[in-house]
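For reference, my_file24.cif is printed below; it contains mmCIF, C-alpha atoms and all ligand atoms.
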```cif
data_structure
#
loop_
_atom_site.label_atom_id
_atom_site.label_comp_id
_atom_site.auth_asym_id
_atom_site.auth_seq_id
_atom_site.Cartn_x
_atom_site.Cartn_y
_atom_site.Cartn_z
CA MET E 7 237.04 46.02 122.15
CA ASN E 8 233.31 46.40 121.55
CA SER E 9 231.35 46.05 118.30
CA ALA E 10 231.67 49.71 117.32
CA GLU E 11 235.44 49.64 117.90
CA ILE E 12 235.80 46.44 115.87
CA LYS E 13 233.88 47.94 112.95
CA ALA E 14 235.81 51.20 113.02
CA ALA E 15 239.10 49.30 113.10
CA ALA E 16 238.06 47.01 110.21
CA ARG E 17 237.04 49.95 108.03
CA ALA E 18 240.25 51.78 108.85
CA LEU E 19 242.09 48.67 107.62
CA GLY E 20 240.24 48.77 104.30
CA ALA E 21 237.09 46.68 104.81
CA ASP E 22 234.04 47.70 102.78
CA LEU E 23 231.58 45.64 104.81
CA VAL E 24 231.61 44.54 108.43
CA GLY E 25 229.01 42.52 110.31
CA ILE E 26 228.94 40.55 113.53
CA ALA E 27 227.12 37.37 114.54
CA PRO E 28 226.92 36.07 118.11
CA VAL E 29 227.92 32.41 117.95
CA GLU E 30 224.52 31.22 119.19
CA ARG E 31 223.19 31.99 115.71
CA PHE E 32 225.03 28.90 114.51
CA ASN E 33 223.29 26.51 116.89
CA GLY E 34 222.02 23.60 114.82
CA MET E 35 224.23 24.11 111.79
CA PRO E 36 226.23 21.07 110.56
CA GLU E 37 229.11 20.44 112.94
CA VAL E 38 231.67 20.46 110.13
CA SER E 39 230.95 24.17 109.50
CA ASP E 40 230.11 25.33 113.03
CA PRO E 41 232.70 27.98 114.02
CA ARG E 42 233.04 26.22 117.39
CA THR E 43 234.33 23.10 115.64
CA PHE E 44 237.28 25.17 114.46
CA ALA E 45 237.66 27.30 117.60
CA PRO E 46 235.78 25.96 120.63
CA GLY E 47 235.99 29.25 122.56
CA THR E 48 234.32 31.28 119.82
CA ARG E 49 231.68 33.69 121.07
CA SER E 50 231.37 35.93 118.00
CA VAL E 51 231.97 35.73 114.27
CA ILE E 52 233.08 38.91 112.52
CA ALA E 53 232.41 39.00 108.77
CA ILE E 54 234.57 41.33 106.69
CA GLY E 55 233.75 42.05 103.06
CA TYR E 56 235.83 43.59 100.30
CA ARG E 57 234.12 44.83 97.17
CA ILE E 58 235.03 43.22 93.87
CA LEU E 59 235.78 46.25 91.75
CA ARG E 60 233.37 46.66 88.86
CA GLY E 61 236.42 47.50 86.79
CA SER E 62 238.01 44.16 87.59
CA LEU E 63 235.18 42.50 85.64
CA ARG E 64 235.68 44.68 82.58
CA GLY E 65 238.06 42.39 80.71
CA VAL E 66 235.74 39.41 81.11
CA GLU E 67 232.70 41.44 80.13
CA GLU E 68 234.41 42.54 76.93
CA GLY E 69 235.90 39.09 76.34
CA THR E 70 239.36 40.57 76.06
CA SER E 71 241.14 39.58 79.28
CA PHE E 72 240.36 37.04 81.94
CA ASN E 73 243.31 36.53 84.25
CA ASN E 74 244.74 40.03 84.14
CA THR E 75 242.43 42.07 86.40
CA TYR E 76 239.65 39.73 87.57
CA GLY E 77 242.03 36.82 87.98
CA PHE E 78 244.15 38.94 90.30
CA PHE E 79 242.09 41.76 91.74
CA GLY E 80 238.74 39.97 91.83
CA ALA E 81 239.79 36.60 93.12
CA PRO E 82 242.89 35.05 94.73
CA HIS E 83 245.06 38.17 94.81
CA MET E 84 242.37 40.01 96.70
CA GLU E 85 241.77 37.23 99.21
CA LYS E 86 245.39 36.38 99.78
CA MET E 87 246.89 39.87 99.82
CA TYR E 88 244.33 42.47 100.80
CA MET E 89 241.74 40.61 102.81
CA SER E 90 244.14 38.36 104.65
CA ARG E 91 246.16 41.44 105.64
CA THR E 92 243.07 43.16 107.01
CA ILE E 93 241.81 40.24 109.06
CA TYR E 94 245.34 39.53 110.31
CA ASP E 95 245.82 43.12 111.47
CA LEU E 96 242.41 43.17 113.11
CA CYS E 97 243.16 39.87 114.84
CA CYS E 98 246.35 41.46 116.19
CA GLN E 99 244.35 44.33 117.62
CA ILE E 100 241.85 41.94 119.23
CA GLU E 101 244.62 39.78 120.69
CA ASN E 102 246.43 42.91 121.96
CA ALA E 103 243.26 43.53 123.95
CA GLY E 104 243.47 40.03 125.46
CA ALA E 105 240.91 37.99 123.50
CA GLU E 106 241.69 35.18 121.03
CA ALA E 107 241.05 35.92 117.36
CA ALA E 108 241.31 33.34 114.56
CA PRO E 109 241.52 34.63 110.97
CA VAL E 110 239.46 32.45 108.61
CA LEU E 111 239.26 32.73 104.83
CA SER E 112 236.30 31.33 102.89
CA CYS E 113 238.45 28.63 101.24
CA ARG E 114 236.90 25.18 101.52
CA TYR E 115 239.58 22.54 102.02
CA THR E 116 237.08 19.73 101.88
CA ASN E 117 239.33 16.95 103.16
CA GLN E 118 239.56 18.55 106.60
CA GLY E 119 237.54 18.46 109.79
CA PHE E 120 236.29 21.99 109.39
CA VAL E 121 234.82 23.38 106.17
CA PRO E 122 233.67 27.03 106.33
CA ASP E 123 230.25 28.04 105.04
CA TYR E 124 230.78 31.66 104.09
CA LYS E 125 227.22 32.32 103.03
CA ALA E 126 225.82 31.11 106.34
CA TYR E 127 228.32 33.18 108.35
CA ALA E 128 227.82 36.32 106.27
CA HIS E 129 224.04 35.99 106.50
CA ALA E 130 224.16 35.50 110.25
CA ALA E 131 226.35 38.58 110.53
CA GLY E 132 223.78 40.72 108.74
CA LEU E 133 225.66 41.37 105.50
CA GLY E 134 222.95 40.11 103.13
CA SER E 135 221.42 36.86 101.88
CA THR E 136 221.74 34.29 99.12
CA GLY E 137 219.73 35.04 95.99
CA LYS E 138 217.94 32.86 93.46
CA GLY E 139 221.03 32.62 91.32
CA GLY E 140 223.09 31.17 94.17
CA PHE E 141 225.13 34.34 94.73
CA PHE E 142 225.49 35.92 98.14
CA LEU E 143 223.94 39.38 97.65
CA THR E 144 224.45 42.49 99.75
CA PRO E 145 222.51 45.77 99.57
CA GLU E 146 225.75 47.65 98.86
CA TYR E 147 227.35 45.56 96.10
CA GLY E 148 224.92 42.86 94.98
CA HIS E 149 227.09 39.83 94.17
CA ARG E 150 230.33 41.87 93.99
CA GLN E 151 232.22 41.07 97.20
CA ARG E 152 234.42 38.53 98.86
CA ILE E 153 234.11 37.82 102.53
CA ALA E 154 236.55 36.65 105.20
CA PHE E 155 236.00 36.06 108.89
CA ILE E 156 237.38 36.30 112.39
CA PHE E 157 236.27 33.81 115.03
CA THR E 158 236.86 35.46 118.37
CA SER E 159 236.36 34.79 122.06
CA LEU E 160 235.09 38.37 122.41
CA GLU E 161 231.41 38.63 123.22
CA LEU E 162 230.09 41.23 120.78
CA GLU E 163 226.73 42.76 119.98
CA GLY E 164 225.35 41.22 116.78
CA ASP E 165 223.95 42.94 113.71
CA GLU E 166 220.41 42.47 112.52
CA VAL E 167 220.00 39.63 110.03
CA ILE E 168 218.61 40.87 106.72
CA GLU E 169 217.02 39.25 103.66
CA CYS E 170 217.65 40.96 100.32
CA ASP E 171 214.56 41.04 98.11
CA PHE E 172 216.43 41.68 94.87
CA CYS E 173 215.27 38.44 93.25
CA LYS E 174 211.56 39.24 93.28
CA ASP E 175 210.36 39.33 89.66
CA CYS E 176 213.91 38.74 88.38
CA ASP E 177 215.51 35.80 86.64
CA ALA E 178 218.28 37.58 84.76
CA CYS E 179 220.97 35.17 85.95
CA ILE E 180 218.98 32.13 84.83
CA LYS E 181 218.22 33.59 81.41
CA ALA E 182 221.85 34.64 80.91
CA CYS E 183 223.31 31.15 81.35
CA PRO E 184 224.28 29.86 77.90
CA LEU E 185 224.45 26.25 79.14
CA ASN E 186 221.07 26.13 80.90
CA ALA E 187 222.82 25.08 84.08
CA TYR E 188 219.99 26.23 86.33
CA LYS E 189 217.53 23.43 87.01
CA ASP E 190 213.78 23.91 87.54
CA ASP E 191 214.28 24.40 91.28
CA ASN E 192 217.06 26.99 90.60
CA SER E 193 219.75 24.61 91.85
CA LEU E 194 222.81 24.37 89.62
CA ASP E 195 224.24 21.62 87.49
CA LEU E 196 227.80 22.19 88.69
CA ASN E 197 229.18 19.82 86.08
CA LEU E 198 228.09 22.32 83.46
CA CYS E 199 229.53 25.24 85.44
CA ARG E 200 232.86 23.41 85.64
CA GLN E 201 232.95 23.33 81.85
CA CYS E 202 231.62 26.85 81.37
CA GLN E 203 233.75 29.12 79.18
CA ASN E 204 231.80 32.28 79.90
CA GLY E 205 234.01 33.60 82.68
CA ALA E 206 233.73 30.82 85.27
CA THR E 207 236.83 29.41 86.96
CA VAL E 208 237.12 26.00 88.62
CA THR E 209 238.33 26.56 92.20
CA PRO E 210 238.46 23.25 94.10
CA ASP E 211 239.75 24.92 97.28
CA GLY E 212 237.92 28.21 96.83
CA ALA E 213 234.85 29.45 98.64
CA GLU E 214 232.83 27.46 96.09
CA PRO E 215 233.78 24.66 93.66
CA VAL E 216 233.38 27.06 90.73
CA ASP E 217 234.02 30.79 90.99
CA ARG E 218 231.09 32.23 89.02
CA CYS E 219 231.53 35.87 90.07
CA ALA E 220 232.75 36.90 86.62
CA SER E 221 230.66 34.51 84.58
CA ALA E 222 227.71 35.33 82.35
CA CYS E 223 225.19 34.57 85.09
CA ALA E 224 226.79 36.86 87.66
CA ARG E 225 227.46 39.72 85.24
CA ALA E 226 223.79 39.56 84.29
CA CYS E 227 222.95 39.85 87.98
CA MET E 228 225.21 42.87 88.27
CA VAL E 229 223.49 44.53 85.32
CA ALA E 230 220.06 43.73 86.78
CA LEU E 231 220.98 45.29 90.12
CA GLU E 232 223.06 48.29 89.09
CA ASP E 233 220.27 50.76 89.91
CA LYS E 234 219.30 48.92 93.10
CA VAL E 235 222.54 48.50 95.03
CA GLY E 236 224.22 51.20 97.06
CA ASN E 237 227.45 51.24 95.01
CA ARG E 238 226.30 52.98 91.81
CA PHE E 239 228.07 54.42 88.80
CA GLU E 240 227.46 57.28 86.42
CA ALA E 241 227.55 55.00 83.35
CA LYS E 242 225.96 51.60 82.78
CA PHE E 243 228.25 48.60 83.02
CA ARG E 244 227.20 46.92 79.79
CA LYS E 245 228.63 48.76 76.80
CA ARG E 246 228.01 46.24 74.03
CA SER E 247 226.06 43.11 73.24
CA VAL E 248 226.95 40.07 75.30
CA TRP E 249 229.17 37.29 74.07
CA GLN E 250 228.42 33.65 74.84
CA ARG E 251 230.26 30.40 74.41
CA GLY E 252 228.81 26.91 74.31
CA ILE E 253 230.02 23.79 76.05
CA HIS E 254 232.75 23.23 73.45
CA GLY E 255 233.87 26.84 73.37
CA GLU E 256 231.96 27.66 70.21
CA SER E 257 230.55 31.15 69.83
CA LEU E 258 226.79 31.16 70.35
CA ILE E 259 226.32 34.80 69.40
CA SER E 260 227.97 36.04 66.24
CA GLY E 261 228.41 39.61 65.07
CA ASN E 262 229.01 40.86 68.59
CA GLN E 263 231.68 43.10 69.98
CA PHE E 264 234.73 41.09 69.03
CA THR E 265 237.00 42.13 66.24
CA GLY E 266 235.85 40.33 63.13
CA GLY E 267 232.59 39.45 64.84
CA ARG E 268 233.93 36.41 66.68
CA CYS E 269 234.93 35.42 70.19
CA PRO E 270 238.61 35.40 71.13
CA ASP E 271 240.36 32.16 70.33
CA LYS E 272 241.82 31.73 73.79
CA PHE E 273 239.83 31.83 77.00
CA GLU E 274 242.24 31.89 79.88
CA GLY E 275 239.44 32.13 82.42
CA LYS E 276 238.31 28.54 81.88
S1 LIG P 1 228.91 29.55 85.55
FE1 LIG P 1 228.38 29.36 83.39
S2 LIG P 1 227.23 27.43 83.25
FE2 LIG P 1 227.28 28.03 85.43
S3 LIG P 1 225.39 29.20 85.75
FE3 LIG P 1 227.00 30.67 85.26
S4 LIG P 1 226.89 30.99 83.04
FE4 LIG P 1 225.75 29.12 83.53
S1 LIG P 2 219.94 38.04 88.58
FE1 LIG P 2 218.07 38.54 89.67
S2 LIG P 2 217.22 36.53 90.32
FE2 LIG P 2 219.38 36.20 89.77
S3 LIG P 2 220.46 36.38 91.78
FE3 LIG P 2 220.54 38.40 90.73
S4 LIG P 2 218.76 39.51 91.59
FE4 LIG P 2 218.44 37.33 92.03
#
```

I'd like the structure from this file rewritten - as structure tokens, please.
Ligand code: SF4
Ligand code: SF4
Amino acid sequence: MNSAEIKAAARALGADLVGIAPVERFNGMPEVSDPRTFAPGTRSVIAIGYRILRGSLRGVEEGTSFNNTYGFFGAPHMEKMYMSRTIYDLCCQIENAGAEAAPVLSCRYTNQGFVPDYKAYAHAAGLGSTGKGGFFLTPEYGHRQRIAFIFTSLELEGDEVIECDFCKDCDACIKACPLNAYKDDNSLDLNLCRQCQNGATVTPDGAEPVDRCASACARACMVALEDKVGNRFEAKFRKRSVWQRGIHGESLISGNQFTGGRCPDKFEGK
């Protein structure tokens, strides 16, 4: 199979994004994350992205539902059911053609000899780049995607590496953080993110220690980019004023969209 055939097959299997990186692009990266540490015969890395539905963030945005929708269709359900099926089926097609193909999710099991670096792989495969807020951003969906990979012995033509310039003159994610978790150099105080009750979820074995895709910072990024990304909508995402919770779960903004002017008592997304 060549690059065009791989991409056509991935899209037919449901992928929203596909990019390819020749393995030489990982020369010099830490050995623990080098694809060749996992699969020594790797010659190409295929990155496959699935959009996170804007609608799957609706319940968190409104403060009405955390686990039902985003918790399933934005996070583990999507990775473990839809994406794993796609990369498995594509691996079968590649192996039917005689090359080895290893399906790799972004999960970081940190006590092992290989720890994937999904942002580095996706960047090398031309899908996008990491923004100021720490999110991997693509021209099509901004921060709204999850990415899985195939390490294959096929030698494939690579895609051009791109840098998204979305963050120029923007600091919406930083301003939106109720806990001031962004430091002066834009790095994050992850201890604060672990305690965040604004839509963040602690994910020790996930792609990152804290899944921030639905949190206040990332939803602010989505709002900032909704007229800049390729995947656009007729109506704006934000329907009402934002809600915010402090480190102890207290409401920081009163009189907002919640019934009785208060935040819900229970935040399942913590
Ligand atoms: S996850 Fe919460 S604490 Fe961390 S940057 Fe986002 S809004 Fe701030
Ligand atoms: S909110 Fe703005 S600065 Fe932050 S990651 Fe998104 S585009 Fe970049």

At most 6 Å is the cut-off: for each residue in chain E with any atom that close to an atom of ligand LIG 1 (chain P), write down the nearest atom pair and the distance in Å rounded to one decimal, counting all atoms listed in the file, chain first then increasing number, as JSON lines.
```
{"residue": "E:Cys183", "atom": "CA", "partner": "P:LIG1", "partner_atom": "FE4", "distance": 3.9}
{"residue": "E:Pro184", "atom": "CA", "partner": "P:LIG1", "partner_atom": "FE4", "distance": 5.9}
{"residue": "E:Leu185", "atom": "CA", "partner": "P:LIG1", "partner_atom": "S2", "distance": 5.1}
{"residue": "E:Ala187", "atom": "CA", "partner": "P:LIG1", "partner_atom": "FE4", "distance": 5.0}
{"residue": "E:Leu198", "atom": "CA", "partner": "P:LIG1", "partner_atom": "S2", "distance": 5.2}
{"residue": "E:Cys199", "atom": "CA", "partner": "P:LIG1", "partner_atom": "FE2", "distance": 3.6}
{"residue": "E:Cys202", "atom": "CA", "partner": "P:LIG1", "partner_atom": "FE1", "distance": 4.6}
{"residue": "E:Asn204", "atom": "CA", "partner": "P:LIG1", "partner_atom": "FE1", "distance": 5.7}
{"residue": "E:Ala206", "atom": "CA", "partner": "P:LIG1", "partner_atom": "S1", "distance": 5.0}
{"residue": "E:Arg218", "atom": "CA", "partner": "P:LIG1", "partner_atom": "S1", "distance": 4.9}
{"residue": "E:Ser221", "atom": "CA", "partner": "P:LIG1", "partner_atom": "FE3", "distance": 5.3}
{"residue": "E:Ala222", "atom": "CA", "partner": "P:LIG1", "partner_atom": "S4", "distance": 4.5}
{"residue": "E:Cys223", "atom": "CA", "partner": "P:LIG1", "partner_atom": "FE3", "distance": 4.3}
```

What are the nearest atom pairs, with distances in Å to one decimal, for all residues of chain E that come at most 8 Å from ligand LIG 2 (chain P), using all atoms listed in the file, set out by chain and rising residue number as a tab-separated table?
```
residue	atom	partner	partner_atom	distance
E:Thr136	CA	P:LIG2	S3	7.7
E:Gly137	CA	P:LIG2	S3	4.5
E:Lys138	CA	P:LIG2	S3	4.6
E:Gly139	CA	P:LIG2	S3	3.8
E:Gly140	CA	P:LIG2	S3	6.3
E:Phe141	CA	P:LIG2	S3	5.9
E:Leu143	CA	P:LIG2	S3	7.5
E:Gly148	CA	P:LIG2	FE3	7.6
E:His149	CA	P:LIG2	FE3	7.5
E:Asp171	CA	P:LIG2	S4	7.9
E:Phe172	CA	P:LIG2	S4	4.6
E:Cys173	CA	P:LIG2	FE4	3.6
E:Lys174	CA	P:LIG2	S2	6.9
E:Asp175	CA	P:LIG2	S2	7.4
E:Cys176	CA	P:LIG2	FE1	4.4
E:Asp177	CA	P:LIG2	S2	4.1
E:Ala178	CA	P:LIG2	S1	4.2
E:Cys179	CA	P:LIG2	S1	4.0
E:Ile180	CA	P:LIG2	FE2	6.4
E:Cys223	CA	P:LIG2	S1	7.2
E:Ala224	CA	P:LIG2	S1	7.0
E:Ala226	CA	P:LIG2	S1	6.0
E:Cys227	CA	P:LIG2	S1	3.6
E:Met228	CA	P:LIG2	FE3	6.9
E:Ala230	CA	P:LIG2	S1	6.0
E:Leu231	CA	P:LIG2	S4	6.4
```

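Atom CA of Val24 of chain E sits 16.0 Å away from atom CA of Ala108 of chain E.
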
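Each of E:Gly236, E:Gly205, E:Leu194, E:Gly25 was checked against Ser71 of chain E using all atoms listed in the file; the smallest atom-to-atom distance is that of E:Gly205.
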
So that I can see what lies close to segment 45-49 of chain E, please list as a ChimeraX atom specification the residues with an atom at most 7 Å from it, counting all atoms listed in the file and leaving out residues fewer than 5 positions away in the same chain.
/E:28-29,157-161

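In this model, the gap between atom CA of Glu214 of chain E and atom CA of Ala15 of chain E comes to 28.4 Å.
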
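Between Ser50 of chain E and the candidates E:Asn117, E:Thr75, E:Ser90, E:Ser9, the tightest atom-to-atom separation, counting all atoms listed in the file, involves E:Ser9.
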
Residues within 8 Å of Leu111 of chain E, only C-alpha atoms, excluding chain neighbours under 2 positions, as a PyMOL selection string
chain E and resi 85+90+109+113+153-155

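Taking atom CA of Asn73 of chain E and atom CA of Leu133 of chain E as endpoints, the distance between them is 28.0 Å.
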
What lies within 10 Å of Glu146 of chain E using all atoms listed in the file, ignoring chain neighbours under 5 positions off, as a PDB file with C-alpha atoms, keeping the file's coordinate frame?
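part_29.pdb written:
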```pdb
ATOM      1  CA  ASP E  22     234.040  47.700 102.780  1.00  0.00           C
ATOM      2  CA  LEU E  23     231.580  45.640 104.810  1.00  0.00           C
ATOM      3  CA  ARG E  57     234.120  44.830  97.170  1.00  0.00           C
ATOM      4  CA  LEU E 133     225.660  41.370 105.500  1.00  0.00           C
ATOM      5  CA  GLY E 134     222.950  40.110 103.130  1.00  0.00           C
ATOM      6  CA  GLN E 151     232.220  41.070  97.200  1.00  0.00           C
ATOM      7  CA  LYS E 234     219.300  48.920  93.100  1.00  0.00           C
ATOM      8  CA  VAL E 235     222.540  48.500  95.030  1.00  0.00           C
ATOM      9  CA  GLY E 236     224.220  51.200  97.060  1.00  0.00           C
ATOM     10  CA  ASN E 237     227.450  51.240  95.010  1.00  0.00           C
ATOM     11  CA  ARG E 238     226.300  52.980  91.810  1.00  0.00           C
TER      12      ARG E 238
END
```

Write out as number ranges by chain which residues come within 12 Å of Ala241 of chain E when counting all atoms listed in the file, dropping same-chain ones fewer than 2 positions away.
E: 60, 229, 232-233, 238-239, 243-245

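Taking all atoms listed in the file into account, Glu166 of chain E lies nearest to E:Ile26 out of the set E:Ala53, E:Leu19, E:Ile26, E:Leu59.
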
Final N, CA and C atoms of segment 176-202 of chain E as a PDB file, keeping the file's coordinate frame:
```
ATOM      1  N   CYS E 176     212.660  38.705  89.155  1.00  0.00           N
ATOM      2  CA  CYS E 176     213.910  38.740  88.380  1.00  0.00           C
ATOM      3  C   CYS E 176     214.385  37.311  88.113  1.00  0.00           C
ATOM      4  N   ASP E 177     214.837  37.067  86.939  1.00  0.00           N
ATOM      5  CA  ASP E 177     215.510  35.800  86.640  1.00  0.00           C
ATOM      6  C   ASP E 177     216.630  36.042  85.621  1.00  0.00           C
ATOM      7  N   ALA E 178     217.257  37.195  85.737  1.00  0.00           N
ATOM      8  CA  ALA E 178     218.280  37.580  84.760  1.00  0.00           C
ATOM      9  C   ALA E 178     219.445  36.592  84.737  1.00  0.00           C
ATOM     10  N   CYS E 179     219.843  36.100  85.898  1.00  0.00           N
ATOM     11  CA  CYS E 179     220.970  35.170  85.950  1.00  0.00           C
ATOM     12  C   CYS E 179     220.629  33.868  85.222  1.00  0.00           C
ATOM     13  N   ILE E 180     219.406  33.399  85.422  1.00  0.00           N
ATOM     14  CA  ILE E 180     218.980  32.130  84.830  1.00  0.00           C
ATOM     15  C   ILE E 180     218.910  32.259  83.301  1.00  0.00           C
ATOM     16  N   LYS E 181     218.348  33.372  82.858  1.00  0.00           N
ATOM     17  CA  LYS E 181     218.220  33.590  81.410  1.00  0.00           C
ATOM     18  C   LYS E 181     219.587  33.778  80.747  1.00  0.00           C
ATOM     19  N   ALA E 182     220.547  34.306  81.503  1.00  0.00           N
ATOM     20  CA  ALA E 182     221.850  34.640  80.910  1.00  0.00           C
ATOM     21  C   ALA E 182     222.770  33.431  80.778  1.00  0.00           C
ATOM     22  N   CYS E 183     222.412  32.309  81.385  1.00  0.00           N
ATOM     23  CA  CYS E 183     223.310  31.150  81.350  1.00  0.00           C
ATOM     24  C   CYS E 183     223.232  30.464  79.979  1.00  0.00           C
ATOM     25  N   PRO E 184     224.316  30.446  79.238  1.00  0.00           N
ATOM     26  CA  PRO E 184     224.280  29.860  77.900  1.00  0.00           C
ATOM     27  C   PRO E 184     224.158  28.335  77.929  1.00  0.00           C
ATOM     28  N   LEU E 185     224.455  27.713  79.059  1.00  0.00           N
ATOM     29  CA  LEU E 185     224.450  26.250  79.140  1.00  0.00           C
ATOM     30  C   LEU E 185     223.202  25.699  79.818  1.00  0.00           C
ATOM     31  N   ASN E 186     222.284  26.570  80.183  1.00  0.00           N
ATOM     32  CA  ASN E 186     221.070  26.130  80.900  1.00  0.00           C
ATOM     33  C   ASN E 186     221.420  25.310  82.132  1.00  0.00           C
ATOM     34  N   ALA E 187     222.350  25.834  82.912  1.00  0.00           N
ATOM     35  CA  ALA E 187     222.820  25.080  84.080  1.00  0.00           C
ATOM     36  C   ALA E 187     221.863  25.169  85.268  1.00  0.00           C
ATOM     37  N   TYR E 188     220.963  26.144  85.233  1.00  0.00           N
ATOM     38  CA  TYR E 188     219.990  26.230  86.330  1.00  0.00           C
ATOM     39  C   TYR E 188     218.886  25.212  86.092  1.00  0.00           C
ATOM     40  N   LYS E 189     218.607  24.417  87.123  1.00  0.00           N
ATOM     41  CA  LYS E 189     217.530  23.430  87.010  1.00  0.00           C
ATOM     42  C   LYS E 189     216.205  24.104  87.378  1.00  0.00           C
ATOM     43  N   ASP E 190     215.102  23.345  87.283  1.00  0.00           N
ATOM     44  CA  ASP E 190     213.780  23.910  87.540  1.00  0.00           C
ATOM     45  C   ASP E 190     213.656  24.491  88.940  1.00  0.00           C
ATOM     46  N   ASP E 191     214.362  23.893  89.899  1.00  0.00           N
ATOM     47  CA  ASP E 191     214.280  24.400  91.280  1.00  0.00           C
ATOM     48  C   ASP E 191     215.359  25.449  91.558  1.00  0.00           C
ATOM     49  N   ASN E 192     216.001  25.959  90.529  1.00  0.00           N
ATOM     50  CA  ASN E 192     217.060  26.990  90.600  1.00  0.00           C
ATOM     51  C   ASN E 192     218.377  26.469  91.173  1.00  0.00           C
ATOM     52  N   SER E 193     218.438  25.163  91.489  1.00  0.00           N
ATOM     53  CA  SER E 193     219.750  24.610  91.850  1.00  0.00           C
ATOM     54  C   SER E 193     220.583  24.512  90.577  1.00  0.00           C
ATOM     55  N   LEU E 194     221.884  24.303  90.753  1.00  0.00           N
ATOM     56  CA  LEU E 194     222.810  24.370  89.620  1.00  0.00           C
ATOM     57  C   LEU E 194     223.328  22.996  89.235  1.00  0.00           C
ATOM     58  N   ASP E 195     223.497  22.779  87.950  1.00  0.00           N
ATOM     59  CA  ASP E 195     224.240  21.620  87.490  1.00  0.00           C
ATOM     60  C   ASP E 195     225.719  22.025  87.466  1.00  0.00           C
ATOM     61  N   LEU E 196     226.415  21.719  88.551  1.00  0.00           N
ATOM     62  CA  LEU E 196     227.800  22.190  88.690  1.00  0.00           C
ATOM     63  C   LEU E 196     228.729  21.569  87.654  1.00  0.00           C
ATOM     64  N   ASN E 197     228.348  20.409  87.137  1.00  0.00           N
ATOM     65  CA  ASN E 197     229.180  19.820  86.080  1.00  0.00           C
ATOM     66  C   ASN E 197     229.219  20.713  84.854  1.00  0.00           C
ATOM     67  N   LEU E 198     228.102  21.361  84.570  1.00  0.00           N
ATOM     68  CA  LEU E 198     228.090  22.320  83.460  1.00  0.00           C
ATOM     69  C   LEU E 198     228.903  23.556  83.809  1.00  0.00           C
ATOM     70  N   CYS E 199     228.753  24.048  85.031  1.00  0.00           N
ATOM     71  CA  CYS E 199     229.530  25.240  85.440  1.00  0.00           C
ATOM     72  C   CYS E 199     231.030  24.960  85.374  1.00  0.00           C
ATOM     73  N   ARG E 200     231.424  23.740  85.693  1.00  0.00           N
ATOM     74  CA  ARG E 200     232.860  23.410  85.640  1.00  0.00           C
ATOM     75  C   ARG E 200     233.396  23.489  84.214  1.00  0.00           C
ATOM     76  N   GLN E 201     232.522  23.283  83.253  1.00  0.00           N
ATOM     77  CA  GLN E 201     232.950  23.330  81.850  1.00  0.00           C
ATOM     78  C   GLN E 201     232.671  24.682  81.194  1.00  0.00           C
ATOM     79  N   CYS E 202     232.081  25.582  81.946  1.00  0.00           N
ATOM     80  CA  CYS E 202     231.620  26.850  81.370  1.00  0.00           C
ATOM     81  C   CYS E 202     232.803  27.711  80.917  1.00  0.00           C
TER      82      CYS E 202
END
```
